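Report on the following structure.
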Amino acid sequence: MEQQRAVITVVGKDQVGIIAKVTTALADNQLNVLDISQTILQDFFTMMMIVDLSRAADLEKLQADLEKIEQDMQLQIDMQREDIFQSMHRI
Amino acid sequence: MNIAFTEIQETIRMVQMESLDVRTVTMGISLRDCIDADAEKMNEKVYQKIVGYAGELRETAEQVEKEYGIPIINKRIAITPAAELLGQASTDDAVMLAKTLDQAATDIGVDFIGGFSALVHKGTTRGDNVLLKSLAEALSETERVCASVSVATTATGINMDAVREMGEIIHDAAVRTQDQNGIANAKLVVFCNPVEDNPFMAGAFHGSGEGEAVINVGVSGPGVVLNALKKHPDADLGEVSEVIKRTVFKITRAGELMGRVVADRLELPFGIMDLSLAPTNAMNDSVAEILEEIGLERVGTHGTIAALALMNDAVKKGGAMASSYVGGLSGAFIPVSEDNGMIKGLEDGALSLNKLEAMTCVCSVGLDMIAVSGDATPASLSGLIADEMAIGMINKKTTAVRIIPVPGKNEGDLVEFGGLLGRAPVIGISPFNSDKMIARGGRIPAPLQSLIN
C-alpha cells in the first residue's frame with residue numbers, strides 16, 4: 001500500500017515518558033514511525049517524527065489520543081501531512 | 001526529500017503565531033442551465049444545483065484543514081451573475097432568488113454566496129434592470145448573499161447612468177438596514193474591470209468564460225509577511241522586496257496545495273490561486289502594519305503609496321512563481337474596517353479618504369469597507385464611485401468601491417460590523433456636491449490606449 005506520510009512534532013518541558021506515551025498512542029492506532037529525531041532546546045524537549053498513516057483506520061481517534069497526551073503532559077503536539085512541508089520549502 | 005527541522009518549525013510558527021491561513025476556498029458554480037420563465041421552478045433548480053455541487057464543500061474543506069494543520073477560514077460559493085437568470089423575472093422574483101441563495105448557503109453551511117451581480121459597464125439589459133431594482137431590498141433581507149455590479153471597464157468606458165443608479169441603491173440599502181449600521185452595503189461592490197474568477201467577497205461571481213463548476217482559492221497571510229520583515233530591520237528596499245517575495249512564495253504554495261486537495265476530493269477542476277494579502281482584525285494580521293514596518297510612522301503619511309506599490313508588486317512576483325494558475329485580484333487588499341493598522345491610521349488623522357483613493361492606484365482593488373457619514377447624498381456617493389472607476393479605467397486595473405454610509409453616524413464615530421467585517425471609524429465626505437455631473441448621465445468614452453502619459 002502507498003505510504004501516506006505525516007509529520008508529528010512534539011514540544012514541551014522535558015519529563016519522563018514523553019516518547020513512550022506518544023509512540024504507544026501511535027502504535028495503538030497502527031501508525032508506523034519512519035524517522036525520528038529528538039533534541040533538547042533550552043530545556044525544551046523537541047521531537048519530530050515522520051510517520052506513515054496508510055494503515056491508520058481512524059484519524060479522529062488518533063487525534064483524540066494525542067490531544068489527551070497533550071493535556072496530561074502539558075505538551076504541544078502537531079500532526080500535519082508531509083506534502084505541505086514539501087510544497088512550502090522545496091521546489 | 002528530507003525536510004529540515006527548522007523548516008517544519010517555520011511552518012508551525014506561521015500557523016500558530018503569525019495567523020497563516022487560507023482565507024477562502026470558493027466554489028464557482030454555473031447556474032445558466034437553471035433559467036426558467038417560471039420563477040418557482042427556477043428557484044427550485046437553483047437550490048438543487050447549489051446543494052448538489054457544494055453540499056460537501058464545508059465538510060471536505062474542514063477535513064483538509066485538519067490533515068494539513070492550516071485553517072481555511074471561509075468556505076464560499078460564487079454563482080453566474082444572477083442578472084443573467086432574471087430576464088423574464090419581476091423584482092419580487094429577484095428578491096425571492098436572493099432568499100433562495102441565502103437559504104442554500106445557510107443549509108450547506110457556507111459563509112457567503114456571491115454573484116447576485118450584473119455587468120452593466122456598457123448597457124443594461126432587462127435582467128440587469130430587474131436585479132438593480134431589487135438590489136437594496138435583496139441585500140437588506142438576506143445575510144450571506146453578496147452582490148457586485150460592474151459599471152466600467154477600460155475597453156468600454158464608464159456607464160454613468162449605472163453609476164448614478166448605484167449611488168441611489170447604496171443610499172437606499174443603507175436606510176433599509178439603518179438598525180444594523182447600514183450593513184447591507186458591506187455585501188455590495190461596484191467594479192471597474194472585474195475578474196471572472198475572484199474567490200474573495202463581496203465581489204466574487206462565476207464569469208461566463210468559466211466552466212460548470214470550479215474551485216478557486218484565496219490565501220491570506222499579512223501576519224507572516226510582517227514577521228518576516230521584522231527580522232530584517234536594516235535591509236534596503238530591494239532586500240525588503242526579496243523578503244516579501246520569498247515569504248509569499250511559501251504562503252502561496254501552502255494555499256495551492258490545500259486548494260488542489262479540496263478540488264481533487266470534490267472531483268472538480270482547480271481554477272486559480274488568488275495571491276491577495278487579506279488582513280483581519282487579529283493582532284498583527286494587518287497590511288498597514290507591513291507598510292509601517294517598511295518604515296512609515298503611520299500608514300497614510302508621505303511614502304505610503306511607494307511602500308504599497310513595492311509590497312503589492314513583491315506579493316505578485318512571489319506568488320506568480322509559486323503557482324501555475326494565478327488569477328483573481330492578486331495583490332494587497334486595503335479594507336479599512338478589517339485592518340487594525342488602517343483603523344489606527346484614520347483615528348490618528350494620518351490617513352484620509354483622499355489618500356485611500358490614491359493608494360488604490362497601486363493596490364489590488366479599491367476603496368474597501370469604508371464607513372462614511374449617513375448624510376452622504378446619493379449623488380455624492382455616485383461621484384465617489386465615478387472617481388474610483390476612472391482610476392481603474394485609466395490604469396487598466398480592477399478597482400472597486402465597497403462603501404458603507406452609516407445612517408445617523410457622523411465623522412469620527414466608530415461603528416462595529418462584526419465578524420470578519422470588523423469595525424470602522426466614520427469618514428466625512430466632501431461638503432461640495434457633484435449633483436450636476438451625476439445628473440448628466442450618459443457614458444464616459446473608453447480611453448485611448450496610446451498617448452498614455
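Residues are named by chain letter and number: chains run A, B, ... in the order of the C-alpha cells, numbers start at 1 in each chain, and ligands are numbered from 1 in the order shown.
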- With a distance threshold of 12 Å and counting only C-alpha atoms, extract the residues of chain A near chain B and express them as number ranges by chain. A: 4-11, 34-39, 46-50, 53, 59-60, 62-63, 76-91
- For range 375-382 of chain B: contacts at 7 Å, only C-alpha atoms, fewer than 3 positions along chain excluded, given as a count of residues only: 15
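Residues with any atom within 6 Å of range 266-281 of chain B, counting only C-alpha atoms and excluding same-chain neighbours fewer than 5 positions away, are Val214, Ile215, Asn216, Val217, Gly218, Val219, Ser220, Gly221, Pro222, Arg260, Ser286, Val287, Gly319, Tyr325, Val326, Gly327, Gly328, Ser330, Gly331, Ala332, Phe333, Glu338, Asp339 and Asn340 of chain B.
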- Two-atom distance - CA of Ala162 in chain B, CA of Ala371 in chain B (Å):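 Those two atoms sit 21.8 Å apart.
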- Find the distance between CA of Gly203 in chain B and CA of Lys355 in chain B and write it in Å to one decimal.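 One can read the CA of Gly203 in chain B to CA of Lys355 in chain B distance as 22.8 Å.
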- Message: Please extract the residues of range 217-437 of chain B with a backbone DSSP assignment of alpha helix (DSSP H) and present them as a ChimeraX atom specification.
- Response: /B:222-230,237-265,287-294,304-322,340-347,353-359,378-395,435-437
- Task: Write out as a list in words the residues lying within 8 Å of range 206-212 of chain B, counting only C-alpha atoms and excluding same-chain residues fewer than 3 positions away.
- Result: Gly28, Ile29, Ser30, Ala78, Ile79, Thr80, Pro81, Gly115, Val195, Glu196 and Asp197 of chain B
- Item | Who sits within 12 Å of Glu239 in chain B, only C-alpha atoms, same chain under 5 positions skipped, as a list in words |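 Listing them by chain and then by number gives Ala228, Leu229, Lys231, His232, Pro233, Asp234, Ile244, Lys245, Arg246, Ile294, Leu310, Met311 and Ala314 of chain B.
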Next, dump the selected residues to file, keeping only all heavy atoms, as a tab-separated table (two decimals), in the first residue's frame.
```
chain	number	residue	atom	x	y	z
B	228	ALA	N	8.23	38.23	8.96
B	228	ALA	CA	9.45	38.02	8.17
B	228	ALA	C	10.22	39.33	8.05
B	228	ALA	O	11.44	39.37	8.18
B	228	ALA	CB	9.09	37.47	6.80
B	229	LEU	N	9.48	40.43	7.82
B	229	LEU	CA	10.15	41.73	7.67
B	229	LEU	C	10.80	42.20	8.97
B	229	LEU	O	11.83	42.86	8.96
B	229	LEU	CB	9.15	42.79	7.19
B	229	LEU	CG	8.83	42.79	5.70
B	229	LEU	CD1	7.86	43.92	5.38
B	229	LEU	CD2	10.09	42.95	4.86
B	231	LYS	N	12.42	40.62	10.94
B	231	LYS	CA	13.77	40.05	11.10
B	231	LYS	C	14.81	40.79	10.27
B	231	LYS	O	15.99	40.47	10.35
B	231	LYS	CB	13.74	38.57	10.69
B	231	LYS	CG	12.94	37.72	11.65
B	231	LYS	CD	13.05	36.25	11.32
B	231	LYS	CE	11.91	35.48	11.94
B	231	LYS	NZ	11.06	34.83	10.94
B	232	HIS	N	14.38	41.73	9.45
B	232	HIS	CA	15.33	42.46	8.60
B	232	HIS	C	15.14	43.97	8.77
B	232	HIS	O	14.81	44.67	7.81
B	232	HIS	CB	15.14	42.08	7.13
B	232	HIS	CG	15.30	40.62	6.87
B	232	HIS	ND1	16.51	40.04	6.58
B	232	HIS	CD2	14.42	39.60	6.91
B	232	HIS	CE1	16.36	38.73	6.42
B	232	HIS	NE2	15.09	38.44	6.61
B	233	PRO	N	15.39	44.49	9.98
B	233	PRO	CA	15.09	45.91	10.21
B	233	PRO	C	15.99	46.85	9.41
B	233	PRO	O	15.62	47.99	9.18
B	233	PRO	CB	15.32	46.07	11.72
B	233	PRO	CG	16.21	44.93	12.10
B	233	PRO	CD	15.90	43.81	11.17
B	234	ASP	N	17.17	46.40	9.00
B	234	ASP	CA	18.09	47.31	8.33
B	234	ASP	C	18.27	47.02	6.84
B	234	ASP	O	19.16	47.57	6.21
B	234	ASP	CB	19.46	47.28	9.03
B	234	ASP	CG	19.32	47.69	10.49
B	234	ASP	OD1	18.60	48.67	10.75
B	234	ASP	OD2	19.90	47.01	11.36
B	244	ILE	N	9.69	39.79	1.07
B	244	ILE	CA	8.25	39.64	0.84
B	244	ILE	C	8.01	38.55	-0.20
B	244	ILE	O	7.16	37.67	-0.04
B	244	ILE	CB	7.61	40.97	0.40
B	244	ILE	CG1	7.75	42.01	1.51
B	244	ILE	CG2	6.13	40.79	0.05
B	244	ILE	CD1	7.29	43.41	1.12
B	245	LYS	N	8.79	38.58	-1.28
B	245	LYS	CA	8.63	37.59	-2.35
B	245	LYS	C	8.80	36.17	-1.83
B	245	LYS	O	7.98	35.29	-2.11
B	245	LYS	CB	9.70	37.85	-3.42
B	245	LYS	CG	9.18	38.47	-4.67
B	245	LYS	CD	10.28	39.08	-5.54
B	245	LYS	CE	11.44	38.13	-5.84
B	245	LYS	NZ	12.51	38.81	-6.62
B	246	ARG	N	9.88	35.97	-1.08
B	246	ARG	CA	10.16	34.62	-0.56
B	246	ARG	C	9.03	34.15	0.35
B	246	ARG	O	8.62	33.00	0.30
B	246	ARG	CB	11.44	34.63	0.29
B	246	ARG	CG	12.70	34.65	-0.54
B	246	ARG	CD	13.89	34.92	0.37
B	246	ARG	NE	15.10	35.04	-0.42
B	246	ARG	CZ	15.86	34.01	-0.77
B	246	ARG	NH1	15.56	32.79	-0.37
B	246	ARG	NH2	16.92	34.18	-1.52
B	294	ILE	N	7.93	48.73	7.01
B	294	ILE	CA	8.87	49.16	5.96
B	294	ILE	C	9.49	50.51	6.35
B	294	ILE	O	10.60	50.82	5.95
B	294	ILE	CB	8.16	49.23	4.58
B	294	ILE	CG1	7.83	47.81	4.10
B	294	ILE	CG2	9.02	49.94	3.54
B	294	ILE	CD1	7.02	47.75	2.82
B	310	LEU	N	5.57	48.85	-3.74
B	310	LEU	CA	6.64	47.87	-3.58
B	310	LEU	C	6.09	46.54	-3.07
B	310	LEU	O	6.36	45.47	-3.61
B	310	LEU	CB	7.68	48.42	-2.60
B	310	LEU	CG	8.86	47.55	-2.17
B	310	LEU	CD1	10.04	48.44	-1.82
B	310	LEU	CD2	8.57	46.66	-1.00
B	311	MET	N	5.26	46.65	-2.03
B	311	MET	CA	4.73	45.43	-1.42
B	311	MET	C	3.82	44.68	-2.40
B	311	MET	O	3.93	43.46	-2.56
B	311	MET	CB	3.94	45.78	-0.17
B	311	MET	CG	3.44	44.55	0.56
B	311	MET	SD	2.33	44.93	1.88
B	311	MET	CE	0.91	45.34	0.96
B	314	ALA	N	5.82	42.90	-5.03
B	314	ALA	CA	6.59	41.76	-4.50
B	314	ALA	C	5.66	40.57	-4.23
B	314	ALA	O	6.02	39.41	-4.46
B	314	ALA	CB	7.33	42.17	-3.23
```
- Separation of CA of Val190 in chain B from CA of Val149 in chain B in Å: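 Taking CA of Val149 in chain B as the start and CA of Val190 in chain B as the end point, the length is 5.0 Å.
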- Would you kindly return, as an MDAnalysis selection string, each protein, DNA or RNA residue with an atom no farther than 8 Å from any atom of Ala446 in chain B, considering only C-alpha atoms and excluding same-chain residues fewer than 6 positions away? chainID B and resid 153:158 393
- Query: Using only C-alpha atoms, which residue out of A:Phe45, A:Ala25, A:Lys13, A:Ile18 lies closest to Ala64 in chain A?
  - Reply: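 Counting only C-alpha atoms, the residue closest to Ala64 in chain A is A:Ala25.
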- Query: With only C-alpha atoms as the basis for distance, which of A:Gln71, A:Gly17, A:Gln3, A:Asp58 is at the shortest distance from Val33 in chain A?
  - Reply: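 Checking each candidate against Val33 in chain A, we get A:Gln3 as the closest.
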- For Gln30 in chain A, please output as a PyMOL selection string all residues within 8 Å (counting only C-alpha atoms; exclusion window: fewer than 5 positions along the same chain). chain A and resi 53+55-57
- Measuring atom to atom with only C-alpha atoms, identify which of B:Thr360, B:Thr24, B:Ser337, B:Ser134 is nearest to Thr304 in chain B.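 Closest candidate: B:Thr360.
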- Message: I need the strand (DSSP E) residues of range 41-119 of chain B per DSSP on the backbone, written as a PyMOL selection string.
- Response: chain B and resi 72-79+112-114+118-119
